[in-house]
Amino acid sequence: MSATLRVTAELEQIAPRLRRIRQKKNLTLDELAAATGISKSTLSRLESGQRKPSLELLLPIAAALAVPLDQIVTAPRIEDPRVQRTSTRSDGRVLTPLSQHQGEPQAYKVAIPASEQEVDLKTHSGFEWLYVLDGRLRLVLGEHDIVLGPGEAAEFDTQNPHWFGSTGAGPVEILSMFGKQGERIHLRARSTGSGHG
């Protein structure tokens, strides 16, 4: 892409970016017009791309929106989105992080060996969501004893006594999302087989 085309493409992004920033700040065109002294019709044409942006228009708008000018003029840099995956072992399980942000919920792929069958109920604050990728997962939750197969999901409050592992028939691979704040992901487990407790 030539420099001229790149500049043209960048200029075309100013209009939608202006509208996005204004809406994010919960400002109407009337309020922005009052704050900048620029007519509502000029602001409307700027946001729809019918008016070419100029510094004399953008500087007071940036000041009124309380954002740096470059936030309006240039696109934010997009970081490499790939998650750097470093697997860790914990009690025979292999945990591979699938999210790199520090917040919650945290996502993991968990490989559970066939030998992990001993029920050890635990409780802690938070909320967990599980999705079975491969194998058969045994989930003990309070008085429930459930077997989940590939494609099935479960979600639960981790303050309830719980444990999950292999049925003994082979290893299990699952996706797990956990949040201490109890973010609910609305997928429900379908009870299978005769493993109801």
# chains A, B, ... in the order shown; residues from 1 in each chain; ligands from 1
$ residues_around --residues "Glu118 (chain A)" --least-positions-apart "4" --cutoff "10 Å" --atoms "only C-alpha atoms" --output "PyMOL selection string"
chain A and resi 163-168
$ write_last_selection --atoms "N, CA and C atoms" --output "JSON list (two decimals), in the first residue's frame"
[["chain", "number", "residue", "atom", "x", "y", "z"],
["A", 163, "TRP", "N", -15.62, -31.83, 42.66],
["A", 163, "TRP", "CA", -14.42, -32.50, 42.16],
["A", 163, "TRP", "C", -14.72, -32.95, 40.74],
["A", 164, "PHE", "N", -13.71, -32.92, 39.88],
["A", 164, "PHE", "CA", -13.87, -33.51, 38.55],
["A", 164, "PHE", "C", -12.57, -34.20, 38.14],
["A", 165, "GLY", "N", -12.73, -35.29, 37.40],
["A", 165, "GLY", "CA", -11.58, -36.08, 36.97],
["A", 165, "GLY", "C", -12.02, -37.11, 35.94],
["A", 166, "SER", "N", -11.19, -38.13, 35.78],
["A", 166, "SER", "CA", -11.46, -39.17, 34.79],
["A", 166, "SER", "C", -12.45, -40.20, 35.35],
["A", 167, "THR", "N", -13.19, -40.84, 34.43],
["A", 167, "THR", "CA", -14.07, -41.94, 34.84],
["A", 167, "THR", "C", -13.25, -43.22, 34.98],
["A", 168, "GLY", "N", -11.98, -43.17, 34.55],
["A", 168, "GLY", "CA", -11.11, -44.35, 34.58],
["A", 168, "GLY", "C", -11.02, -45.03, 33.23]]
$ select_by_dssp --residues "chain A" --states "strand (DSSP E)" --output "PyMOL selection string"
chain A and resi 88-90+93-97+106-112+127-134+137-141+144-148+153-157+162-166+172-179
$ residues_around --residues "Thr96 (chain A)" --least-positions-apart "5" --cutoff "9 Å" --atoms "only C-alpha atoms" --output "number ranges by chain"
A: 85-89, 107-111
$ select_by_dssp --residues "region 21-110 of chain A" --states "helix (DSSP H, G or I)" --output "PDB file with C-alpha atoms, in the first residue's frame"
ATOM      1  CA  ILE A  21     -15.333   8.123  21.110  1.00  0.00           C
ATOM      2  CA  ARG A  22     -18.219  10.616  21.480  1.00  0.00           C
ATOM      3  CA  GLN A  23     -20.742   7.818  22.116  1.00  0.00           C
ATOM      4  CA  LYS A  24     -18.384   6.151  24.594  1.00  0.00           C
ATOM      5  CA  LEU A  29     -23.921  16.071  19.110  1.00  0.00           C
ATOM      6  CA  ASP A  30     -25.692  19.031  20.755  1.00  0.00           C
ATOM      7  CA  GLU A  31     -23.535  18.721  23.889  1.00  0.00           C
ATOM      8  CA  LEU A  32     -20.341  18.430  21.824  1.00  0.00           C
ATOM      9  CA  ALA A  33     -21.386  21.459  19.740  1.00  0.00           C
ATOM     10  CA  ALA A  34     -21.934  23.480  22.922  1.00  0.00           C
ATOM     11  CA  ALA A  35     -18.551  22.394  24.334  1.00  0.00           C
ATOM     12  CA  THR A  36     -16.569  23.125  21.136  1.00  0.00           C
ATOM     13  CA  LYS A  40     -24.006  20.480  15.195  1.00  0.00           C
ATOM     14  CA  SER A  41     -24.330  20.141  11.408  1.00  0.00           C
ATOM     15  CA  THR A  42     -20.531  20.425  10.952  1.00  0.00           C
ATOM     16  CA  LEU A  43     -19.965  17.800  13.652  1.00  0.00           C
ATOM     17  CA  SER A  44     -22.572  15.540  12.054  1.00  0.00           C
ATOM     18  CA  ARG A  45     -20.905  15.872   8.630  1.00  0.00           C
ATOM     19  CA  LEU A  46     -17.493  15.170  10.214  1.00  0.00           C
ATOM     20  CA  GLU A  47     -18.812  11.969  11.828  1.00  0.00           C
ATOM     21  CA  SER A  48     -20.476  10.791   8.627  1.00  0.00           C
ATOM     22  CA  LEU A  55      -6.742  20.449  12.803  1.00  0.00           C
ATOM     23  CA  GLU A  56      -8.845  23.542  13.570  1.00  0.00           C
ATOM     24  CA  LEU A  57     -11.878  21.243  13.961  1.00  0.00           C
ATOM     25  CA  LEU A  58     -10.177  18.243  15.586  1.00  0.00           C
ATOM     26  CA  LEU A  59      -8.211  20.120  18.293  1.00  0.00           C
ATOM     27  CA  PRO A  60     -11.277  21.569  20.104  1.00  0.00           C
ATOM     28  CA  ILE A  61     -13.133  18.247  19.677  1.00  0.00           C
ATOM     29  CA  ALA A  62     -10.238  16.310  21.241  1.00  0.00           C
ATOM     30  CA  ALA A  63     -10.141  18.828  24.120  1.00  0.00           C
ATOM     31  CA  ALA A  64     -13.918  18.567  24.679  1.00  0.00           C
ATOM     32  CA  LEU A  65     -13.785  14.762  24.589  1.00  0.00           C
ATOM     33  CA  LEU A  69      -5.550  14.040  19.384  1.00  0.00           C
ATOM     34  CA  ASP A  70      -3.693  10.922  18.211  1.00  0.00           C
ATOM     35  CA  GLN A  71      -6.531   8.763  19.618  1.00  0.00           C
ATOM     36  CA  ILE A  72      -8.818  10.367  17.029  1.00  0.00           C
ATOM     37  CA  VAL A  73      -6.307  10.610  14.182  1.00  0.00           C
TER      38      VAL A  73
END
$ atom_distance --atom1 "CA of Trp129 (chain A)" --atom2 "CA of Ala153 (chain A)"
7.2 Å
$ closest_residue --among "A:Asp80, A:His162, A:Arg20, A:Glu173" --to "Ile146 (chain A)" --atoms "only C-alpha atoms"
A:His162
